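For reference, target.cif is printed below; it contains mmCIF, C-alpha atoms.
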data_data
#
loop_
_atom_site.label_atom_id
_atom_site.label_comp_id
_atom_site.auth_asym_id
_atom_site.auth_seq_id
_atom_site.Cartn_x
_atom_site.Cartn_y
_atom_site.Cartn_z
CA MET J 1 93.89 138.03 177.73
CA LEU J 2 94.29 134.69 175.96
CA SER J 3 93.97 136.33 172.53
CA ILE J 4 96.81 138.70 173.38
CA ALA J 5 99.08 135.84 174.46
CA VAL J 6 98.30 133.87 171.29
CA LEU J 7 98.81 136.77 168.88
CA ALA J 8 102.03 137.91 170.57
CA SER J 9 103.65 134.50 170.11
CA PHE J 10 102.09 133.76 166.72
CA VAL J 11 104.52 135.93 164.74
CA THR J 12 107.64 134.44 166.31
CA PHE J 13 106.63 130.88 165.43
CA LEU J 14 105.49 131.96 161.97
CA ASP J 15 108.77 133.66 161.11
CA GLY J 16 110.71 130.66 162.34
CA SER J 17 109.19 128.39 159.70
CA VAL J 18 107.98 130.68 156.89
CA ILE J 19 111.49 131.48 155.77
CA ASN J 20 112.55 128.05 154.46
CA VAL J 21 110.59 128.07 151.20
CA ALA J 22 111.55 131.71 150.54
CA LEU J 23 115.32 131.11 150.64
CA PRO J 24 115.83 130.47 146.88
CA ALA J 25 114.00 133.71 146.02
CA ILE J 26 116.04 135.66 148.58
CA GLU J 27 119.31 134.26 147.26
CA LYS J 28 118.29 134.97 143.66
CA GLU J 29 117.61 138.64 144.43
CA LEU J 30 120.31 139.43 146.98
CA GLY J 31 122.98 136.87 146.12
CA GLY J 32 125.44 135.25 148.52
CA GLY J 33 124.83 131.60 147.72
CA ILE J 34 124.21 128.91 150.30
CA THR J 35 126.01 130.85 153.04
CA THR J 36 123.45 133.64 152.85
CA GLN J 37 120.61 131.12 152.92
CA GLN J 38 122.01 129.49 156.04
CA TRP J 39 122.48 132.69 157.94
CA VAL J 40 119.09 134.15 157.03
CA VAL J 41 117.68 131.20 158.97
CA ASP J 42 120.35 130.80 161.62
CA ALA J 43 120.76 134.45 162.64
CA TYR J 44 117.11 134.47 163.76
CA ALA J 45 117.25 131.03 165.37
CA ILE J 46 120.47 131.66 167.32
CA THR J 47 119.48 135.02 168.81
CA LEU J 48 115.98 133.79 169.61
CA GLY J 49 117.18 130.55 171.19
CA THR J 50 120.05 132.03 173.20
CA LEU J 51 118.23 135.13 174.47
CA ILE J 52 114.99 133.53 175.62
CA LEU J 53 116.56 132.83 179.03
CA LEU J 54 117.47 136.49 179.45
CA ALA J 55 114.00 137.50 178.29
CA GLY J 56 112.44 135.25 180.92
CA SER J 57 114.42 137.02 183.63
CA LEU J 58 113.44 140.40 182.21
CA SER J 59 109.79 139.35 182.27
CA ASP J 60 109.97 138.25 185.90
CA THR J 61 111.93 141.38 186.91
CA PHE J 62 110.39 144.31 185.02
CA GLY J 63 106.89 142.91 184.53
CA ARG J 64 105.34 140.85 181.79
CA TRP J 65 103.39 143.61 180.05
CA VAL J 66 106.26 146.05 179.56
CA VAL J 67 108.52 143.29 178.18
CA LEU J 68 105.73 142.03 175.93
CA LYS J 69 105.12 145.48 174.44
CA ALA J 70 108.85 146.07 173.93
CA GLY J 71 109.04 142.79 172.00
CA LEU J 72 106.04 143.70 169.86
CA TYR J 73 107.42 147.10 168.88
CA GLY J 74 110.87 145.62 168.21
CA PHE J 75 109.42 142.83 166.06
CA ALA J 76 107.34 145.31 164.06
CA VAL J 77 110.28 147.61 163.35
CA THR J 78 112.65 144.81 162.35
CA SER J 79 109.99 143.17 160.16
CA VAL J 80 109.57 146.38 158.15
CA LEU J 81 113.32 146.85 157.85
CA ILE J 82 113.78 143.25 156.68
CA ALA J 83 111.13 143.79 154.01
CA LEU J 84 113.20 146.76 152.78
CA ALA J 85 116.66 145.17 153.20
CA PRO J 86 118.88 146.16 150.24
CA THR J 87 121.67 143.60 150.73
CA ALA J 88 122.16 140.07 152.00
CA GLU J 89 124.39 141.32 154.81
CA SER J 90 121.80 143.78 156.09
CA LEU J 91 119.11 141.11 155.89
CA VAL J 92 121.16 138.72 158.05
CA ILE J 93 121.86 141.42 160.65
CA LEU J 94 118.19 142.40 160.79
CA ARG J 95 117.12 138.77 161.13
CA GLY J 96 119.34 138.53 164.19
CA ALA J 97 117.74 141.68 165.61
CA GLN J 98 114.30 140.23 164.89
CA GLY J 99 115.24 137.15 166.90
CA ILE J 100 116.11 139.38 169.86
CA ALA J 101 112.65 140.96 169.72
CA GLY J 102 111.03 137.55 169.32
CA ALA J 103 112.80 136.31 172.45
CA LEU J 104 110.91 138.93 174.46
CA LEU J 105 107.52 137.70 173.27
CA VAL J 106 107.28 133.97 173.99
CA PRO J 107 108.11 133.86 177.74
CA SER J 108 105.98 136.93 178.47
CA SER J 109 102.93 135.63 176.62
CA LEU J 110 103.04 132.22 178.30
CA ALA J 111 103.68 133.82 181.69
CA ILE J 112 100.50 135.88 181.25
CA ILE J 113 98.51 132.67 180.75
CA ILE J 114 100.12 130.96 183.76
CA ALA J 115 99.45 133.97 186.00
CA THR J 116 95.83 134.32 184.83
CA PHE J 117 94.62 130.70 184.82
CA ARG J 118 95.17 127.80 187.22
CA GLY J 119 94.16 124.15 187.23
CA ALA J 120 92.02 122.74 184.41
CA PRO J 121 91.27 126.18 182.87
CA GLN J 122 95.02 126.79 182.67
CA ALA J 123 95.55 123.50 180.82
CA LYS J 124 92.79 124.39 178.37
CA ALA J 125 94.21 127.89 177.84
CA ILE J 126 97.68 126.45 177.22
CA GLY J 127 96.07 124.04 174.77
CA THR J 128 94.59 126.95 172.85
CA TRP J 129 97.92 128.79 172.91
CA THR J 130 99.87 125.78 171.70
CA GLY J 131 97.27 125.03 169.04
CA TRP J 132 97.56 128.45 167.42
CA THR J 133 101.32 128.83 167.86
CA SER J 134 101.86 125.32 166.47
CA ALA J 135 99.57 126.26 163.60
CA ALA J 136 101.80 129.28 162.92
CA PHE J 137 104.83 127.01 162.81
CA LEU J 138 103.08 124.54 160.53
CA VAL J 139 101.35 127.02 158.20
CA GLY J 140 104.60 128.92 157.64
CA PRO J 141 105.83 126.86 154.67
CA LEU J 142 102.44 127.17 152.95
CA LEU J 143 102.26 130.93 153.46
CA GLY J 144 105.86 131.36 152.37
CA GLY J 145 105.26 129.30 149.24
CA LEU J 146 102.21 131.35 148.26
CA PHE J 147 104.04 134.63 148.73
CA VAL J 148 107.10 133.44 146.81
CA ASP J 149 105.15 131.92 143.93
CA TYR J 150 102.51 134.64 143.50
CA LEU J 151 103.66 137.87 145.24
CA ASN J 152 107.08 138.71 146.74
CA TRP J 153 109.18 137.17 149.48
CA ARG J 154 109.49 140.57 151.20
CA LEU J 155 105.78 140.56 152.02
CA VAL J 156 106.35 137.48 154.18
CA PHE J 157 107.86 139.83 156.75
CA ALA J 158 105.78 142.94 156.12
CA ILE J 159 102.59 140.98 156.91
CA ASN J 160 103.75 140.74 160.55
CA ILE J 161 102.52 144.28 161.08
CA ILE J 162 98.87 143.16 161.02
CA PRO J 163 98.87 140.72 163.99
CA ILE J 164 101.23 142.98 165.94
CA ALA J 165 98.95 146.01 165.48
CA VAL J 166 95.90 143.98 166.54
CA THR J 167 97.75 142.78 169.66
CA LEU J 168 98.78 146.31 170.66
CA VAL J 169 95.18 147.51 170.27
CA LEU J 170 93.92 144.66 172.46
CA ILE J 171 96.51 145.47 175.12
CA ALA J 172 95.48 149.13 175.12
CA ARG J 173 91.80 148.20 175.46
CA LEU J 174 92.50 145.74 178.26
CA GLY J 175 94.11 148.46 180.33
CA GLU J 176 96.10 145.98 182.38
CA LYS J 177 98.70 147.65 184.60
CA ASN J 178 102.22 146.33 184.53
CA VAL J 179 103.26 144.79 187.84
CA ARG J 180 106.95 144.82 188.65
CA PRO J 181 107.76 142.14 191.25
CA GLU J 182 109.62 143.35 194.32
CA GLY J 183 113.17 142.23 194.85
CA GLY J 184 113.70 141.31 191.22
CA GLY J 185 117.03 141.55 189.50
CA ILE J 186 119.03 140.32 186.55
CA ASP J 187 122.32 138.46 186.55
CA TRP J 188 123.89 140.25 183.60
CA PHE J 189 127.17 138.34 183.87
CA GLY J 190 125.23 135.09 183.92
CA ALA J 191 123.31 136.30 180.88
CA VAL J 192 126.56 136.77 178.94
CA LEU J 193 127.77 133.32 180.01
CA GLY J 194 124.47 131.81 178.92
CA ILE J 195 124.55 133.48 175.52
CA VAL J 196 128.15 132.43 174.87
CA GLY J 197 127.53 128.96 176.31
CA LEU J 198 124.61 128.33 173.99
CA GLY J 199 125.69 130.39 170.99
CA GLY J 200 129.23 129.04 170.73
CA PRO J 201 128.41 125.33 170.34
CA VAL J 202 125.40 126.08 168.14
CA PHE J 203 127.58 128.22 165.84
CA ALA J 204 130.18 125.45 165.66
CA LEU J 205 127.63 122.76 164.86
CA ILE J 206 126.11 124.84 162.08
CA GLU J 207 129.35 126.08 160.48
CA GLN J 208 131.51 122.96 160.87
CA ALA J 209 130.36 121.75 157.45
CA ASN J 210 131.84 124.91 155.89
CA PHE J 211 135.12 125.17 157.84
CA GLY J 212 135.74 121.71 159.34
CA TRP J 213 136.40 120.86 162.96
CA SER J 214 140.13 121.53 162.57
CA SER J 215 139.49 125.23 161.92
CA PRO J 216 139.99 127.64 164.84
CA ALA J 217 136.77 129.34 163.72
CA ILE J 218 134.97 126.15 164.77
CA TYR J 219 136.79 124.52 167.66
CA LEU J 220 137.46 127.76 169.55
CA PRO J 221 133.77 128.83 169.74
CA PHE J 222 132.83 125.24 170.58
CA VAL J 223 135.35 124.89 173.43
CA LEU J 224 134.78 128.41 174.75
CA GLY J 225 131.05 127.81 174.59
CA LEU J 226 131.30 124.63 176.66
CA ILE J 227 133.49 126.38 179.23
CA ALA J 228 131.03 129.28 179.41
CA LEU J 229 128.13 126.84 179.77
CA LEU J 230 129.83 125.13 182.71
CA ALA J 231 130.60 128.52 184.27
CA PHE J 232 126.96 129.51 183.72
CA ILE J 233 125.70 126.47 185.61
CA LEU J 234 128.10 127.12 188.49
CA ARG J 235 127.08 130.77 188.49
CA GLN J 236 123.41 129.86 188.90
CA ARG J 237 124.20 128.13 192.20
CA THR J 238 125.66 131.25 193.78
CA THR J 239 124.11 134.36 192.21
CA ARG J 240 121.34 136.22 194.01
CA HIS J 241 119.15 136.45 190.88
CA PRO J 242 119.69 133.26 188.86
CA MET J 243 118.48 133.14 185.25
CA VAL J 244 117.90 129.41 185.68
CA PRO J 245 116.90 128.57 189.26
CA LEU J 246 118.41 125.08 189.53
CA GLY J 247 115.75 124.19 192.08
CA LEU J 248 113.28 124.02 189.20
CA PHE J 249 114.96 120.82 188.02
CA SER J 250 114.27 119.15 191.36
CA VAL J 251 110.62 119.17 190.29
CA ARG J 252 110.07 115.86 188.56
CA ASN J 253 107.61 117.00 185.90
CA PHE J 254 109.73 120.03 185.04
CA SER J 255 112.96 118.07 184.56
CA VAL J 256 111.41 115.03 182.82
CA GLY J 257 109.21 117.27 180.69
CA ASN J 258 112.23 119.13 179.40
CA VAL J 259 113.99 115.88 178.48
CA SER J 260 110.87 114.93 176.52
CA THR J 261 110.85 118.41 174.96
CA THR J 262 114.41 117.89 173.70
CA LEU J 263 113.50 114.65 171.96
CA VAL J 264 110.11 115.70 170.59
CA TYR J 265 111.14 119.12 169.29
CA GLY J 266 114.38 117.79 167.85
CA ALA J 267 112.25 115.30 165.92
CA LEU J 268 109.77 118.01 164.91
CA SER J 269 112.49 120.19 163.38
CA LEU J 270 114.34 117.30 161.75
CA GLY J 271 111.22 115.67 160.29
CA GLY J 272 109.75 118.90 158.97
CA PHE J 273 113.01 119.85 157.31
CA ILE J 274 113.72 116.55 155.55
CA VAL J 275 110.15 116.07 154.31
CA THR J 276 109.88 119.63 152.95
CA VAL J 277 113.24 119.46 151.18
CA PHE J 278 112.67 115.94 149.81
CA LEU J 279 109.27 116.80 148.36
CA GLN J 280 110.80 119.71 146.45
CA GLN J 281 114.20 118.32 145.43
CA VAL J 282 113.24 114.73 144.69
CA GLY J 283 109.45 114.70 144.50
CA GLY J 284 109.29 117.73 142.23
CA PHE J 285 106.78 119.64 144.40
CA SER J 286 106.59 123.43 144.08
CA ALA J 287 107.14 125.61 147.16
CA THR J 288 103.39 126.07 147.54
CA ALA J 289 102.64 122.38 147.06
CA ALA J 290 105.25 121.44 149.66
CA GLY J 291 103.57 123.82 152.09
CA LEU J 292 100.14 122.41 151.30
CA ALA J 293 101.44 118.92 152.09
CA PHE J 294 101.42 119.87 155.78
CA LEU J 295 98.06 121.61 155.80
CA PRO J 296 96.37 118.65 157.61
CA MET J 297 98.77 119.23 160.53
CA THR J 298 97.61 122.82 160.83
CA LEU J 299 93.93 121.94 160.72
CA ILE J 300 94.23 119.11 163.24
CA SER J 301 96.32 121.25 165.59
CA ILE J 302 93.81 124.11 165.57
CA ALA J 303 90.83 121.77 165.94
CA LEU J 304 92.09 119.49 168.71
CA SER J 305 94.81 121.23 170.78
CA SER J 306 92.33 122.86 173.15
CA PHE J 307 90.44 119.54 173.44
CA PHE J 308 93.55 117.58 174.42
CA GLY J 309 94.64 120.41 176.72
CA ALA J 310 91.32 120.17 178.56
CA LEU J 311 91.58 116.37 178.80
CA ALA J 312 95.10 116.67 180.22
CA GLY J 313 93.79 119.15 182.79
CA LYS J 314 91.09 116.69 183.82
CA TYR J 315 92.94 113.38 183.71
CA GLY J 316 96.57 114.47 183.94
CA PRO J 317 99.26 114.83 181.28
CA ARG J 318 101.13 111.51 181.59
CA LEU J 319 99.10 109.37 179.20
CA PHE J 320 98.90 112.05 176.51
CA MET J 321 102.61 112.91 176.76
CA GLY J 322 103.43 109.21 176.51
CA LEU J 323 101.14 108.07 173.74
CA GLY J 324 101.26 111.27 171.67
CA PRO J 325 104.93 111.08 170.59
CA ILE J 326 104.63 107.34 169.96
CA VAL J 327 101.65 107.95 167.65
CA GLY J 328 103.65 110.71 165.96
CA GLY J 329 106.57 108.34 165.47
CA ILE J 330 104.25 105.81 163.83
CA GLY J 331 103.20 108.59 161.45
CA TYR J 332 106.80 109.01 160.27
CA LEU J 333 107.21 105.26 159.92
CA LEU J 334 104.18 105.27 157.60
CA MET J 335 106.10 107.62 155.29
CA LEU J 336 108.74 104.96 154.64
CA GLY J 337 106.64 104.00 151.62
CA ILE J 338 107.63 107.24 149.87
CA GLY J 339 109.78 106.63 146.78
CA ASP J 340 111.12 108.55 143.77
CA ASP J 341 107.63 108.96 142.33
CA VAL J 342 105.77 110.59 145.20
CA ASN J 343 102.03 110.00 145.46
CA TYR J 344 100.86 112.47 148.07
CA TRP J 345 97.53 110.85 148.95
CA THR J 346 98.83 107.32 149.43
CA GLN J 347 102.43 107.92 150.60
CA VAL J 348 102.47 111.26 152.42
CA PHE J 349 98.95 112.13 153.59
CA PRO J 350 98.36 109.12 155.93
CA GLY J 351 101.64 109.67 157.75
CA VAL J 352 101.08 113.42 158.04
CA VAL J 353 97.63 112.89 159.57
CA VAL J 354 98.84 110.30 162.10
CA PHE J 355 101.84 112.45 163.04
CA ALA J 356 99.61 115.52 163.38
CA LEU J 357 97.29 113.65 165.74
CA GLY J 358 100.21 112.49 167.88
CA LEU J 359 101.79 115.95 167.97
CA THR J 360 98.50 117.57 168.94
CA MET J 361 98.05 115.04 171.75
CA THR J 362 101.53 115.91 173.02
CA VAL J 363 102.16 119.65 172.89
CA ALA J 364 99.46 121.11 175.14
CA PRO J 365 99.82 118.47 177.91
CA LEU J 366 103.62 118.80 177.70
CA THR J 367 103.53 122.56 178.19
CA SER J 368 100.87 122.26 180.89
CA ALA J 369 102.82 119.61 182.82
CA ILE J 370 106.05 121.61 182.77
CA LEU J 371 104.68 125.05 183.63
CA GLY J 372 101.88 123.80 185.88
CA SER J 373 104.45 122.20 188.18
CA ILE J 374 106.15 125.47 189.16
CA SER J 375 105.02 128.60 190.97
CA PRO J 376 103.29 131.42 189.02
CA GLU J 377 106.08 133.82 190.09
CA GLN J 378 108.59 131.74 188.15
CA SER J 379 106.40 131.08 185.14
CA GLY J 380 108.33 133.54 182.98
CA ILE J 381 111.70 131.88 183.51
CA GLY J 382 110.08 128.44 183.42
CA SER J 383 108.59 129.05 179.99
CA ALA J 384 111.85 130.64 178.87
CA ILE J 385 113.85 127.55 179.84
CA ASN J 386 111.41 125.23 178.07
CA ASN J 387 111.32 127.36 174.93
CA ALA J 388 115.12 127.69 174.88
CA ILE J 389 115.44 123.91 175.12
CA SER J 390 112.98 123.37 172.27
CA ARG J 391 114.74 125.90 170.03
CA ILE J 392 118.20 124.53 170.74
CA ALA J 393 117.00 120.95 170.20
CA GLY J 394 115.77 122.02 166.76
CA LEU J 395 119.04 123.78 165.94
CA ILE J 396 121.11 120.75 166.90
CA ALA J 397 118.83 118.40 164.97
CA ILE J 398 119.18 120.50 161.80
CA ALA J 399 122.94 120.71 162.33
CA PHE J 400 123.09 116.92 162.17
CA VAL J 401 121.11 116.65 158.93
CA GLY J 402 124.33 116.23 156.94
CA VAL J 403 125.45 113.35 159.16
CA ILE J 404 122.08 111.58 158.93
CA VAL J 405 121.17 112.25 155.31
CA GLY J 406 124.53 112.80 153.65
CA SER J 407 125.55 115.35 151.02
CA GLN J 408 122.35 114.98 148.99
CA PHE J 409 118.84 113.62 149.29
CA THR J 410 118.09 110.16 147.93
CA VAL J 411 115.26 107.82 148.78
CA ASP J 412 117.56 105.78 151.04
CA SER J 413 118.98 108.79 152.87
CA PHE J 414 115.49 110.24 153.24
CA HIS J 415 114.33 106.98 154.82
CA ARG J 416 117.23 107.20 157.31
CA GLY J 417 116.02 110.64 158.30
CA LEU J 418 112.48 109.33 158.75
CA LEU J 419 113.72 106.50 160.98
CA VAL J 420 115.79 108.85 163.17
CA THR J 421 112.80 111.18 163.50
CA ALA J 422 110.52 108.28 164.49
CA VAL J 423 113.02 106.99 167.05
CA LEU J 424 113.34 110.43 168.68
CA LEU J 425 109.57 110.73 168.96
CA ILE J 426 109.10 107.25 170.39
CA LEU J 427 111.87 107.83 172.93
CA GLY J 428 110.17 111.08 173.94
CA GLY J 429 106.97 109.15 174.61
CA ILE J 430 108.75 106.45 176.62
CA VAL J 431 110.52 109.07 178.77
CA SER J 432 107.16 110.69 179.57
CA LEU J 433 105.41 107.40 180.35
CA ILE J 434 108.17 106.46 182.78
CA GLY J 435 108.98 109.84 184.30
CA ILE J 436 105.92 112.10 184.34
CA SER J 437 103.92 112.01 187.58
CA ASN J 438 100.17 112.28 187.34
CA PRO J 439 98.53 114.24 188.86
CA VAL J 440 101.11 116.92 189.60
CA HIS J 441 101.49 117.89 193.24
CA GLU J 442 105.06 119.15 193.24
CA LYS J 443 105.74 122.84 193.60
CA VAL J 444 108.91 124.84 193.72
CA PRO J 445 109.01 127.17 196.74
CA GLU J 446 108.38 130.78 195.81
CA LYS J 447 111.36 133.08 195.67
CA LYS J 448 111.94 134.90 198.92
#
Rewrite the structure from the file as structure tokens, please.
Amino acid sequence: MLSIAVLASFVTFLDGSVINVALPAIEKELGGGITTQQWVVDAYAITLGTLILLAGSLSDTFGRWVVLKAGLYGFAVTSVLIALAPTAESLVILRGAQGIAGALLVPSSLAIIIATFRGAPQAKAIGTWTGWTSAAFLVGPLLGGLFVDYLNWRLVFAINIIPIAVTLVLIARLGEKNVRPEGGGIDWFGAVLGIVGLGGPVFALIEQANFGWSSPAIYLPFVLGLIALLAFILRQRTTRHPMVPLGLFSVRNFSVGNVSTTLVYGALSLGGFIVTVFLQQVGGFSATAAGLAFLPMTLISIALSSFFGALAGKYGPRLFMGLGPIVGGIGYLLMLGIGDDVNYWTQVFPGVVVFALGLTMTVAPLTSAILGSISPEQSGIGSAINNAISRIAGLIAIAFVGVIVGSQFTVDSFHRGLLVTAVLLILGGIVSLIGISNPVHEKVPEKK
């Protein structure tokens, strides 16, 4: 059961990070310049981030197993088509479709864990899940660099077929019957409002550098998105089948945990982006070498996530959620010694190790605290909300790279990015230390 949940989510996290180092090769073959490079990344991120909420409702309405299998088949088909994409335009469209399939996988896989395990075993299982999915996110740049430098960027997507096939075989052998909860339903109008409310502002933040805020192509989606987002929130108070049950946010650990998620995952996306780009553009690292720079994060995450998840289950998540981001922030502060001539072992490696330790301390307890505070029947939408928040936090953080760093990377601008990343992490830790209750006793009443 746990292996299925891990494998199902692994590919979505992998494809979210593997693409960055492959962008120059894609642009060289298919053309389109920087615009193509942006949309190859953003088409996947926007559809995945905005549709996770709908996917959570689908999971809780039609059953976790049927939604999970639909996502797996969809991800397999789109991965093959992307590997065969003849033009930049078709690649962008297919990346958006792949994000839709990916949105079906994450909430369903986490919901399976929440429904199967409770208490300390649940925390340990979540630790294992977060360890491997975080490893997928972290190993992506390394894998992408190896494929680009020694094989072909198209194989980055074709390789998805292997873990998907293994997952489908495991599901067939398990023989688990899909259970469709009674009285379920989907607020389709609310789903549209949610997609527009999230997609509009995200589109504007990403494209404003190309068109400017005075362009109708920017301010209209931004304003309409904000209006739709407000209408979405109002809709959730009255609809019979809310996509986001607002009562969830009356649970202290759920609401505080999602604030911490915003800060920590915004920092994670921002820090990973600026370090990877700086090492290549200023430090002269190859794509593979830039990926290898983060290998310690992968190893530490795999080795210790389950351990910290078990400790959080035994002693509670508050201390780990508080100290973990602060330790991670210290790791980024250690990288302030990086200059024009980059020495990996003395300037990069110590900070990467310290950050990796802090991140590993944080992720499993964070997920456990948020999802362990709500009822199993709402675990699908709970995980969907948390994942949507983490994705959108990353999108917004990347959208602000130009404001933080400027038009090009220099040592000074890179240091500004490191400081902002460290501040976000430390704030995430402070929020958790102040707001997370330990142990968790709060529960949201089950849906009638």
Taking the file above as input, evaluate the PyMOL selection byres ((chain J and resi 369) around 8) and report the hits as a PDB file with C-alpha atoms, in the frame of the given file.
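In the end it all went to selection02.pdb:
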ATOM      1  CA  ASN J 253     107.610 117.000 185.900  1.00  0.00           C
ATOM      2  CA  PHE J 254     109.730 120.030 185.040  1.00  0.00           C
ATOM      3  CA  GLY J 257     109.210 117.270 180.690  1.00  0.00           C
ATOM      4  CA  PRO J 317      99.260 114.830 181.280  1.00  0.00           C
ATOM      5  CA  PRO J 365      99.820 118.470 177.910  1.00  0.00           C
ATOM      6  CA  LEU J 366     103.620 118.800 177.700  1.00  0.00           C
ATOM      7  CA  THR J 367     103.530 122.560 178.190  1.00  0.00           C
ATOM      8  CA  SER J 368     100.870 122.260 180.890  1.00  0.00           C
ATOM      9  CA  ILE J 370     106.050 121.610 182.770  1.00  0.00           C
ATOM     10  CA  LEU J 371     104.680 125.050 183.630  1.00  0.00           C
ATOM     11  CA  GLY J 372     101.880 123.800 185.880  1.00  0.00           C
ATOM     12  CA  SER J 373     104.450 122.200 188.180  1.00  0.00           C
ATOM     13  CA  VAL J 440     101.110 116.920 189.600  1.00  0.00           C
TER      14      VAL J 440
END
Among listed residues J:Leu334, J:Leu84, J:Leu53, J:Val223, nearest Ile389 in chain J (using only C-alpha atoms): J:Leu53
Close residues, His241 in chain J itself excluded, 7 Å, all atoms listed in the file, min 2 positions apart in chain, as a ChimeraX atom specification: /J:185-187,239,243
Determine the residue set returned by the PyMOL selection byres ((chain J and resi 39) around 12) for the present structure, and present it as a PDB file with C-alpha atoms, in the coordinates of the input.
ATOM      1  CA  ILE J  19     111.490 131.480 155.770  1.00  0.00           C
ATOM      2  CA  ASN J  20     112.550 128.050 154.460  1.00  0.00           C
ATOM      3  CA  LEU J  23     115.320 131.110 150.640  1.00  0.00           C
ATOM      4  CA  ILE J  26     116.040 135.660 148.580  1.00  0.00           C
ATOM      5  CA  GLU J  27     119.310 134.260 147.260  1.00  0.00           C
ATOM      6  CA  GLY J  32     125.440 135.250 148.520  1.00  0.00           C
ATOM      7  CA  GLY J  33     124.830 131.600 147.720  1.00  0.00           C
ATOM      8  CA  ILE J  34     124.210 128.910 150.300  1.00  0.00           C
ATOM      9  CA  THR J  35     126.010 130.850 153.040  1.00  0.00           C
ATOM     10  CA  THR J  36     123.450 133.640 152.850  1.00  0.00           C
ATOM     11  CA  GLN J  37     120.610 131.120 152.920  1.00  0.00           C
ATOM     12  CA  GLN J  38     122.010 129.490 156.040  1.00  0.00           C
ATOM     13  CA  VAL J  40     119.090 134.150 157.030  1.00  0.00           C
ATOM     14  CA  VAL J  41     117.680 131.200 158.970  1.00  0.00           C
ATOM     15  CA  ASP J  42     120.350 130.800 161.620  1.00  0.00           C
ATOM     16  CA  ALA J  43     120.760 134.450 162.640  1.00  0.00           C
ATOM     17  CA  TYR J  44     117.110 134.470 163.760  1.00  0.00           C
ATOM     18  CA  ALA J  45     117.250 131.030 165.370  1.00  0.00           C
ATOM     19  CA  ILE J  46     120.470 131.660 167.320  1.00  0.00           C
ATOM     20  CA  THR J  47     119.480 135.020 168.810  1.00  0.00           C
ATOM     21  CA  ALA J  88     122.160 140.070 152.000  1.00  0.00           C
ATOM     22  CA  GLU J  89     124.390 141.320 154.810  1.00  0.00           C
ATOM     23  CA  SER J  90     121.800 143.780 156.090  1.00  0.00           C
ATOM     24  CA  LEU J  91     119.110 141.110 155.890  1.00  0.00           C
ATOM     25  CA  VAL J  92     121.160 138.720 158.050  1.00  0.00           C
ATOM     26  CA  ILE J  93     121.860 141.420 160.650  1.00  0.00           C
ATOM     27  CA  LEU J  94     118.190 142.400 160.790  1.00  0.00           C
ATOM     28  CA  ARG J  95     117.120 138.770 161.130  1.00  0.00           C
ATOM     29  CA  GLY J  96     119.340 138.530 164.190  1.00  0.00           C
ATOM     30  CA  PHE J 203     127.580 128.220 165.840  1.00  0.00           C
ATOM     31  CA  ILE J 206     126.110 124.840 162.080  1.00  0.00           C
ATOM     32  CA  GLU J 207     129.350 126.080 160.480  1.00  0.00           C
TER      33      GLU J 207
END
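For the set J:Ser306, J:Ser413, J:Thr346, J:Gln281, the residue with the smallest atom-to-atom gap to Ala364 in chain J is J:Ser306, counting all atoms listed in the file.
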Residues matched by the PyMOL selection byres ((chain J and resi 146) around 12), written as a list in words: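 On this input, the PyMOL selection byres ((chain J and resi 146) around 12) captures Val18, Ile19, Val21, Ala22, Val139, Gly140, Pro141, Leu142, Leu143, Gly144, Gly145, Phe147, Val148, Asp149, Tyr150, Leu151, Asn152, Trp153, Leu155, Val156, Ser286, Ala287, Thr288, Ala289, Ala290, Gly291 and Leu292 of chain J.
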Only C-alpha atoms, please: the residues just picked out, written as a PDB file, in the coordinates of the input.
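Dumped everything to result_27.pdb:
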ATOM      1  CA  VAL J  18     107.980 130.680 156.890  1.00  0.00           C
ATOM      2  CA  ILE J  19     111.490 131.480 155.770  1.00  0.00           C
ATOM      3  CA  VAL J  21     110.590 128.070 151.200  1.00  0.00           C
ATOM      4  CA  ALA J  22     111.550 131.710 150.540  1.00  0.00           C
ATOM      5  CA  VAL J 139     101.350 127.020 158.200  1.00  0.00           C
ATOM      6  CA  GLY J 140     104.600 128.920 157.640  1.00  0.00           C
ATOM      7  CA  PRO J 141     105.830 126.860 154.670  1.00  0.00           C
ATOM      8  CA  LEU J 142     102.440 127.170 152.950  1.00  0.00           C
ATOM      9  CA  LEU J 143     102.260 130.930 153.460  1.00  0.00           C
ATOM     10  CA  GLY J 144     105.860 131.360 152.370  1.00  0.00           C
ATOM     11  CA  GLY J 145     105.260 129.300 149.240  1.00  0.00           C
ATOM     12  CA  PHE J 147     104.040 134.630 148.730  1.00  0.00           C
ATOM     13  CA  VAL J 148     107.100 133.440 146.810  1.00  0.00           C
ATOM     14  CA  ASP J 149     105.150 131.920 143.930  1.00  0.00           C
ATOM     15  CA  TYR J 150     102.510 134.640 143.500  1.00  0.00           C
ATOM     16  CA  LEU J 151     103.660 137.870 145.240  1.00  0.00           C
ATOM     17  CA  ASN J 152     107.080 138.710 146.740  1.00  0.00           C
ATOM     18  CA  TRP J 153     109.180 137.170 149.480  1.00  0.00           C
ATOM     19  CA  LEU J 155     105.780 140.560 152.020  1.00  0.00           C
ATOM     20  CA  VAL J 156     106.350 137.480 154.180  1.00  0.00           C
ATOM     21  CA  SER J 286     106.590 123.430 144.080  1.00  0.00           C
ATOM     22  CA  ALA J 287     107.140 125.610 147.160  1.00  0.00           C
ATOM     23  CA  THR J 288     103.390 126.070 147.540  1.00  0.00           C
ATOM     24  CA  ALA J 289     102.640 122.380 147.060  1.00  0.00           C
ATOM     25  CA  ALA J 290     105.250 121.440 149.660  1.00  0.00           C
ATOM     26  CA  GLY J 291     103.570 123.820 152.090  1.00  0.00           C
ATOM     27  CA  LEU J 292     100.140 122.410 151.300  1.00  0.00           C
TER      28      LEU J 292
END
